[in-house]
Amino acid sequence: MPHILLRRLVDSIIVLWLASIVVFLLLRVLPGDPAILLLGENATPERVAIMRHELGLDRPLIQQYIIFSTHALRGDLGESIRAQQPSLPYVLARFPATILLTGTATGLAILIGMPIGVLSAVRRGSIYDAAARGLAIMAQSTPNYWLGLVLITVFAVGLRWLPTSGYGTLRNLVLPSITLSFVLLGLIVRVTRTEVLEVLGQDYVRTAVAKGLAPTRVFSRHALRNALIPILTLIGVQVGTLLGGAVVTETVFAWPGVGYLTVQGVYARDYPIVQTAVLLSAIVFVVINAWVDVMYVLLDPRVRYD
Amino acid sequence: MEEKRKPERPARGKTITRRELIGTAAITATSIALGRSIGWIPTASAQPATKALKFGLNENLRTLDPRMSDTIRNDAIVDTIYDQPFFRQFTGGKMELVPRLATSWERVDNRSIRVKLRRGVAFANGEPVNAESFKYSLDTVYQKSYAAVRSYLFPSVESVDIVDDNTVRIRTVKPDRTLVPSLTGLSLVPPKMAAQLGRGMTTRSAGTGPYQAEEFVPAQHLKLRANDKYWTQPKPRLDSIDMQFIVDDATRIAALLAGDVHIINNLPVDQVDRVRRSDKLEVRERTTGRVVYVAMRQDRGPLADVRVRQAFNHAVDKESIVNNILRGHAQVANSPLAPGYPFANPNLKPYPYSPAKAKALLSEAGYPSTFTLKLAAPPNYRPVGEAIAGFLTEIGVKVDFESPEIGVLINEVFTKGPQSKYDAWVYGQGTLTFQEDSILRLRFHSDYNSHWMAYRNEKLDALIDAGLFTLDDNHARLIYDKAQEMIMADAPWILLHYLNTVLGVDKRVRGFTARADEYIYLHETSLT
């Protein structure tokens, strides 16, 4: 076990380092000058030059990267160009909102999606199965933005049960998390259904049934546990999709998360903010995938990383 | 003894074991504590706030430091927390100055003015408003070393001197008729606090205005509370203002329709009817100083010929754009200066729509056959850009239209300049202080536009300079009338329209009107 963790750690550091280079270069390849975008296009070239010097943008790219990376190693990810505050605490302050939103959405998707997928597999070929599969396809192909607006129109404007947007109470969480859960819901239903079907056809399940175990016990002890592994992988891999979906959902619901901040940062060419947000998101991605790997071992004793 | 032998009851149904009970209680207590600590569960029952205005703003407020504000919305909100020496009032649509923290000003000579400040006003942190705070506030805006965003208002200031405790003298490099109106964009800040906090002024504030910041959470909201020590009448009529940042148009409209907010700004024109259908809401709007146009690079082949540029002005049906795309929420422009400018020339006429005339002018200029125009419009002007592409196609021009993100457009047009891949682009130019010089100089003076528009008219340059240096209003009117005529004849732009500012407002909101300077002005606002 310690061996895996060590190897995981080394892998993770390489991934994060590469991510930092990619985001650093991509931002600078993008046309657009942060100094002009901040000062406005009417600023005199002289003032723009002062600003560029202050921001360190007048130095060669290599030098800029060395400064960025050496500072980053010391935990200093620069200062936001627009907000003029240290970017690490600024971005970190947005993380709880995004984690709360994506976490709740994932939880909802699992709580709703897995039972539907399981039932769909168990009652294969029934009307129920057809409905579940239809729902899965619908959920997967519904654009996030559109769904968010429909939910707002029905539940906030029409019925007035919930607030249209904002952050701070559980009532605010309902619509955004349902909206975002649809990103995963369809996938979870489909994968659960496929996996459970496959497991139900296995010899050991037939054996368990043959030796007279109660169907619920066969299901919970033998079938579901083995079906869980691919579902877990799926969630690990889909963290990226979720964070991407969070960008749209956060924008629609004025949710003060990291996704929306990143998009605004790109528009303003606020390099430090985007670099910090991408780096932190990469850390989340790496940590969750490492956690998924560890969970494999716990769920399936056959899995060994040697 | 008997008790012990009893088999333990299985934890089923409604029976709860002690362990479970303790566990549940612990979890509940922890989650409530957690909920409270992050503010999700209110610690006390919320007081029904009687006069709490909620405002849905279309952008994330960036800073509370008035010197660093870079959008008109941000300006308006920080200028509510702070006060300015003078302020803008619109009477009969024209901008006028009213004294605020200053009581009066006088001209000392043609390069300096003296400003007298009101006595007995203090910032919310106790520092007094006096000559020292005035000097500090202007110094940290105009001096280059501070790189303040609003420095563009004071290009000519040379020095600020304290005459006595409540009098300052401002010297300019050259005579500058825009100096006093520009002071409406100077918010006075408390010097000790500002010097101590430096960039910390982004999130903390202490002004003299009617409402003071109580809580500023970036990307969420700014909570303002009435300043009960506000120094003048009318006293604030609301207890609090909650500025909620709702950037998405559809969500902001939904918030207004659902009654979550009382006012929203930037109501898209295609949503106006939806708001009007509600008997609780209304639309308040006004034509602003924001002029929308197509700038043309005068060094690109056919565009160098004034007849081609005039032809383009004839080819575009401005009325149709205003009526169909903007649904009437704009006014066809007859000059680069909107009617709110003190010296806007009301006698000028827009180029009449006439494809025949346009074609004739093109032939006359020697371009009877097709040529290609690379036209760009940022996403917010995309529908207008597409319409223009259509009109120009009708007179035989091949239009290559793109709608790049604003950062990319600015990079092409303003940074790359002569190497820009675009020949022409749709753009808008608003104004804070309604000074003729600001727009004429920035957009038409060859010192400023040679790089990105390559427009040069030395007679016009001379007029613009003379206008700035003229301190006599009658003379200035003659100069600016002539300058506007010259621009209309030269047609460096395809001149389009002045945009309206359109707000969706709950009918119970009183004392709040749409303003020509696009300001969100809440000083006299109340709720019934």
# chains A, B, ... in the order shown; residues from 1 in each chain; ligands from 1

call {"tool": "residues_around", "arguments": {"residues": "Thr102 of chain A", "least_positions_apart": "3", "cutoff": "10 Å", "atoms": "only C-alpha atoms", "output": "list of chain:residue names"}}
result
A:Pro96, A:Ala97, A:Thr98, A:Ile99, A:Ala105, A:Thr106, A:Gly107, A:Leu108, A:Pro176, A:Ser177, A:Leu180, A:Ser181, A:Val239, A:Leu242, A:Leu243, A:Gly245, A:Ala246

call {"tool": "closest_atom_pairs", "arguments": {"of": "chain B", "to": "chain A", "cutoff": "6 Å", "atoms": "only C-alpha atoms", "output": "JSON lines"}}
result
{"residue": "B:Trp40", "atom": "CA", "partner": "A:Thr169", "partner_atom": "CA", "distance": 4.8}
{"residue": "B:Arg62", "atom": "CA", "partner": "A:Ala83", "partner_atom": "CA", "distance": 5.9}
{"residue": "B:Val149", "atom": "CA", "partner": "A:Leu39", "partner_atom": "CA", "distance": 5.5}
{"residue": "B:Ala219", "atom": "CA", "partner": "A:Pro256", "partner_atom": "CA", "distance": 5.2}
{"residue": "B:Gln220", "atom": "CA", "partner": "A:Pro256", "partner_atom": "CA", "distance": 5.9}
{"residue": "B:Ile246", "atom": "CA", "partner": "A:Ala254", "partner_atom": "CA", "distance": 5.4}
{"residue": "B:Asp248", "atom": "CA", "partner": "A:Val252", "partner_atom": "CA", "distance": 5.8}
{"residue": "B:Ala255", "atom": "CA", "partner": "A:Thr164", "partner_atom": "CA", "distance": 5.4}
{"residue": "B:Ala258", "atom": "CA", "partner": "A:Val157", "partner_atom": "CA", "distance": 4.4}
{"residue": "B:Gly407", "atom": "CA", "partner": "A:Gly32", "partner_atom": "CA", "distance": 5.1}
{"residue": "B:Val408", "atom": "CA", "partner": "A:Gly32", "partner_atom": "CA", "distance": 5.5}
{"residue": "B:Asn411", "atom": "CA", "partner": "A:Gly32", "partner_atom": "CA", "distance": 4.9}

call {"tool": "write_last_selection", "arguments": {"atoms": "N, CA and C atoms", "output": "mmCIF file, in the first residue's frame"}}
result
data_model
loop_
_atom_site.group_PDB
_atom_site.id
_atom_site.type_symbol
_atom_site.label_atom_id
_atom_site.label_comp_id
_atom_site.auth_asym_id
_atom_site.auth_seq_id
_atom_site.Cartn_x
_atom_site.Cartn_y
_atom_site.Cartn_z
ATOM 1 N N TRP B 40 -24.874 28.932 6.542
ATOM 2 C CA TRP B 40 -25.997 28.348 5.825
ATOM 3 C C TRP B 40 -27.246 28.271 6.686
ATOM 4 N N ARG B 62 -15.882 44.513 -9.132
ATOM 5 C CA ARG B 62 -14.495 44.105 -9.011
ATOM 6 C C ARG B 62 -13.809 44.747 -7.818
ATOM 7 N N VAL B 149 -6.766 53.392 -12.725
ATOM 8 C CA VAL B 149 -7.545 53.209 -13.947
ATOM 9 C C VAL B 149 -8.226 54.513 -14.364
ATOM 10 N N ALA B 219 -18.141 38.049 -6.501
ATOM 11 C CA ALA B 219 -18.940 37.074 -7.253
ATOM 12 C C ALA B 219 -20.292 36.803 -6.611
ATOM 13 N N GLN B 220 -20.582 37.389 -5.461
ATOM 14 C CA GLN B 220 -21.890 37.191 -4.852
ATOM 15 C C GLN B 220 -22.658 38.488 -4.731
ATOM 16 N N ILE B 246 -25.657 39.175 -10.838
ATOM 17 C CA ILE B 246 -26.269 38.107 -11.641
ATOM 18 C C ILE B 246 -25.922 38.392 -13.099
ATOM 19 N N ASP B 248 -25.711 36.427 -15.839
ATOM 20 C CA ASP B 248 -26.479 35.820 -16.927
ATOM 21 C C ASP B 248 -27.797 36.576 -17.132
ATOM 22 N N ALA B 255 -34.961 36.535 -11.985
ATOM 23 C CA ALA B 255 -34.924 37.038 -10.608
ATOM 24 C C ALA B 255 -35.897 38.210 -10.440
ATOM 25 N N ALA B 258 -39.517 36.828 -10.662
ATOM 26 C CA ALA B 258 -39.875 36.045 -9.473
ATOM 27 C C ALA B 258 -39.981 36.917 -8.229
ATOM 28 N N GLY B 407 -11.666 40.511 -26.141
ATOM 29 C CA GLY B 407 -10.220 40.581 -25.914
ATOM 30 C C GLY B 407 -9.443 40.409 -27.211
ATOM 31 N N VAL B 408 -9.940 39.522 -28.068
ATOM 32 C CA VAL B 408 -9.287 39.271 -29.351
ATOM 33 C C VAL B 408 -9.461 40.480 -30.265
ATOM 34 N N ASN B 411 -7.231 43.264 -29.226
ATOM 35 C CA ASN B 411 -5.863 42.942 -29.593
ATOM 36 C C ASN B 411 -5.608 43.230 -31.075
#

call {"tool": "select_by_dssp", "arguments": {"residues": "segment 104-263 of chain A", "states": "alpha helix (DSSP H)", "output": "PyMOL selection string"}}
result
chain A and resi 104-122+127-141+144-151+170-200+203-210+215-217+224-252+258-263

call {"tool": "atom_distance", "arguments": {"atom1": "atom CA of Gly56 of chain B", "atom2": "atom CA of Pro339 of chain B"}}
result
28.6 Å

call {"tool": "residues_around", "arguments": {"residues": "segment 181-197 of chain B", "least_positions_apart": "2", "cutoff": "7 Å", "atoms": "only C-alpha atoms", "output": "PyMOL selection string"}}
result
chain B and resi 66+79+82-88+123+127+133-134+136-137+153+178-179+199-201+207+433

call {"tool": "closest_residue", "arguments": {"among": "B:His475, B:Arg510, B:Lys357, B:Arg441", "to": "Pro155 of chain B", "atoms": "only C-alpha atoms"}}
result
B:Arg441

call {"tool": "closest_residue", "arguments": {"among": "B:Ser335, B:Gln143, B:Asn110, B:Asn449", "to": "Met296 of chain B", "atoms": "only C-alpha atoms"}}
result
B:Asn449

call {"tool": "residues_around", "arguments": {"residues": "segment 133-136 of chain A", "least_positions_apart": "5", "cutoff": "7 Å", "atoms": "only C-alpha atoms", "output": "list in words"}}
result
Leu185, Gly186, Leu187, Val189 and Arg190 of chain A

call {"tool": "write_last_selection", "arguments": {"atoms": "C-alpha atoms", "output": "PDB file, in the first residue's frame"}}
result
ATOM      1  CA  LEU A 185     -27.195  10.955 -14.179  1.00  0.00           C
ATOM      2  CA  GLY A 186     -27.568   9.455 -17.639  1.00  0.00           C
ATOM      3  CA  LEU A 187     -24.094   7.951 -17.562  1.00  0.00           C
ATOM      4  CA  VAL A 189     -27.940   4.848 -15.146  1.00  0.00           C
ATOM      5  CA  ARG A 190     -26.420   3.350 -18.281  1.00  0.00           C
TER       6      ARG A 190
END

call {"tool": "closest_residue", "arguments": {"among": "B:Gln212, B:Thr140, B:Thr172, B:Thr370", "to": "Arg111 of chain B", "atoms": "only C-alpha atoms"}}
result
B:Thr172

call {"tool": "residues_around", "arguments": {"residues": "Leu77 of chain A", "least_positions_apart": "4", "cutoff": "9 Å", "atoms": "only C-alpha atoms", "output": "compact mmCIF listing (two decimals) with N, CA and C atoms, in the first residue's frame"}}
result
# COMPACT_ATOMS: atom_id res chain seq x y z
N PHE A 68 7.20 32.45 -12.16
CA PHE A 68 5.92 31.85 -11.77
C PHE A 68 6.14 30.55 -11.01
N SER A 69 7.02 29.66 -11.56
CA SER A 69 7.13 28.34 -10.94
C SER A 69 7.90 28.39 -9.62
N HIS A 71 7.99 30.90 -7.54
CA HIS A 71 7.07 31.47 -6.57
C HIS A 71 5.99 30.46 -6.19
N ALA A 72 5.51 29.71 -7.20
CA ALA A 72 4.44 28.74 -6.95
C ALA A 72 4.90 27.69 -5.96
N LEU A 73 6.17 27.26 -6.07
CA LEU A 73 6.69 26.25 -5.15
C LEU A 73 6.66 26.76 -3.71
N PRO A 86 -3.98 38.61 -3.60
CA PRO A 86 -3.24 37.37 -3.84
C PRO A 86 -4.18 36.31 -4.38
N SER A 87 -3.76 35.63 -5.46
CA SER A 87 -4.73 34.81 -6.16
C SER A 87 -5.03 33.49 -5.46
N LEU A 88 -4.09 32.95 -4.68
CA LEU A 88 -4.36 31.66 -4.04
C LEU A 88 -5.54 31.75 -3.06
N PRO A 272 -2.81 35.15 -13.41
CA PRO A 272 -2.63 34.45 -12.13
C PRO A 272 -3.89 33.71 -11.67
N ILE A 273 -5.05 34.32 -11.88
CA ILE A 273 -6.30 33.67 -11.45
C ILE A 273 -6.52 32.38 -12.21
N GLN A 275 -4.32 30.55 -13.86
CA GLN A 275 -3.28 29.57 -13.51
C GLN A 275 -3.59 28.90 -12.18
N THR A 276 -3.96 29.70 -11.19
CA THR A 276 -4.26 29.15 -9.87
C THR A 276 -5.47 28.22 -9.94

call {"tool": "residues_around", "arguments": {"residues": "Phe312 of chain B", "least_positions_apart": "5", "cutoff": "10 Å", "atoms": "only C-alpha atoms", "output": "VMD selection string"}}
result
chain B and resid 294 303 306 to 307 351 353 to 355 357 to 359 361 to 362 388 391 to 392 395 397 491 493 to 495

call {"tool": "closest_residue", "arguments": {"among": "A:Arg52, A:Val174, A:Asp129, A:Val278", "to": "Pro115 of chain A", "atoms": "only C-alpha atoms"}}
result
A:Asp129

call {"tool": "select_by_dssp", "arguments": {"residues": "segment 198-251 of chain B", "states": "strand (DSSP E or B)", "output": "PyMOL selection string"}}
result
chain B and resi 211-217+221-226+240-245

call {"tool": "write_last_selection", "arguments": {"atoms": "N, CA and C atoms", "output": "PDB file, in the first residue's frame"}}
result
ATOM      1  N   TYR B 211     -24.698  55.646   1.381  1.00  0.00           N
ATOM      2  CA  TYR B 211     -24.698  54.236   1.760  1.00  0.00           C
ATOM      3  C   TYR B 211     -23.256  53.764   1.903  1.00  0.00           C
ATOM      4  N   GLN B 212     -23.019  52.961   2.920  1.00  0.00           N
ATOM      5  CA  GLN B 212     -21.676  52.451   3.173  1.00  0.00           C
ATOM      6  C   GLN B 212     -21.661  50.933   3.056  1.00  0.00           C
ATOM      7  N   ALA B 213     -20.525  50.416   2.582  1.00  0.00           N
ATOM      8  CA  ALA B 213     -20.412  48.968   2.372  1.00  0.00           C
ATOM      9  C   ALA B 213     -20.426  48.239   3.710  1.00  0.00           C
ATOM     10  N   GLU B 214     -21.255  47.211   3.788  1.00  0.00           N
ATOM     11  CA  GLU B 214     -21.308  46.419   5.006  1.00  0.00           C
ATOM     12  C   GLU B 214     -20.614  45.079   4.780  1.00  0.00           C
ATOM     13  N   GLU B 215     -20.890  44.496   3.600  1.00  0.00           N
ATOM     14  CA  GLU B 215     -20.290  43.204   3.302  1.00  0.00           C
ATOM     15  C   GLU B 215     -20.074  43.114   1.794  1.00  0.00           C
ATOM     16  N   PHE B 216     -18.850  42.770   1.406  1.00  0.00           N
ATOM     17  CA  PHE B 216     -18.546  42.640  -0.017  1.00  0.00           C
ATOM     18  C   PHE B 216     -17.996  41.243  -0.252  1.00  0.00           C
ATOM     19  N   VAL B 217     -18.765  40.427  -0.926  1.00  0.00           N
ATOM     20  CA  VAL B 217     -18.312  39.075  -1.250  1.00  0.00           C
ATOM     21  C   VAL B 217     -18.182  38.986  -2.766  1.00  0.00           C
ATOM     22  N   HIS B 221     -22.262  39.291  -3.769  1.00  0.00           N
ATOM     23  CA  HIS B 221     -23.035  40.507  -3.569  1.00  0.00           C
ATOM     24  C   HIS B 221     -22.259  41.569  -2.799  1.00  0.00           C
ATOM     25  N   LEU B 222     -22.790  42.785  -2.867  1.00  0.00           N
ATOM     26  CA  LEU B 222     -22.296  43.879  -2.034  1.00  0.00           C
ATOM     27  C   LEU B 222     -23.490  44.366  -1.235  1.00  0.00           C
ATOM     28  N   LYS B 223     -23.332  44.343   0.071  1.00  0.00           N
ATOM     29  CA  LYS B 223     -24.422  44.812   0.915  1.00  0.00           C
ATOM     30  C   LYS B 223     -24.078  46.220   1.378  1.00  0.00           C
ATOM     31  N   LEU B 224     -24.975  47.160   1.080  1.00  0.00           N
ATOM     32  CA  LEU B 224     -24.769  48.545   1.501  1.00  0.00           C
ATOM     33  C   LEU B 224     -25.763  48.866   2.611  1.00  0.00           C
ATOM     34  N   ARG B 225     -25.317  49.664   3.590  1.00  0.00           N
ATOM     35  CA  ARG B 225     -26.222  50.062   4.657  1.00  0.00           C
ATOM     36  C   ARG B 225     -26.297  51.592   4.694  1.00  0.00           C
ATOM     37  N   ALA B 226     -27.454  52.112   5.036  1.00  0.00           N
ATOM     38  CA  ALA B 226     -27.635  53.563   5.071  1.00  0.00           C
ATOM     39  C   ALA B 226     -26.635  54.198   6.030  1.00  0.00           C
ATOM     40  N   SER B 240     -31.163  49.426   3.616  1.00  0.00           N
ATOM     41  CA  SER B 240     -30.025  48.706   3.042  1.00  0.00           C
ATOM     42  C   SER B 240     -30.264  48.459   1.557  1.00  0.00           C
ATOM     43  N   ILE B 241     -29.174  48.230   0.853  1.00  0.00           N
ATOM     44  CA  ILE B 241     -29.240  47.875  -0.566  1.00  0.00           C
ATOM     45  C   ILE B 241     -28.394  46.624  -0.744  1.00  0.00           C
ATOM     46  N   ASP B 242     -29.003  45.606  -1.330  1.00  0.00           N
ATOM     47  CA  ASP B 242     -28.250  44.392  -1.602  1.00  0.00           C
ATOM     48  C   ASP B 242     -28.007  44.307  -3.099  1.00  0.00           C
ATOM     49  N   MET B 243     -26.750  44.535  -3.498  1.00  0.00           N
ATOM     50  CA  MET B 243     -26.378  44.444  -4.901  1.00  0.00           C
ATOM     51  C   MET B 243     -26.007  43.001  -5.187  1.00  0.00           C
ATOM     52  N   GLN B 244     -26.871  42.295  -5.902  1.00  0.00           N
ATOM     53  CA  GLN B 244     -26.564  40.897  -6.216  1.00  0.00           C
ATOM     54  C   GLN B 244     -25.998  40.829  -7.630  1.00  0.00           C
ATOM     55  N   PHE B 245     -24.891  40.137  -7.763  1.00  0.00           N
ATOM     56  CA  PHE B 245     -24.239  40.074  -9.075  1.00  0.00           C
ATOM     57  C   PHE B 245     -24.809  38.889  -9.853  1.00  0.00           C
TER      58      PHE B 245
END

call {"tool": "atom_distance", "arguments": {"atom1": "atom CA of Ser156 of chain B", "atom2": "atom CA of Leu138 of chain B"}}
result
12.3 Å

call {"tool": "atom_distance", "arguments": {"atom1": "atom CA of Gly92 of chain B", "atom2": "atom CA of Thr288 of chain B"}}
result
13.2 Å
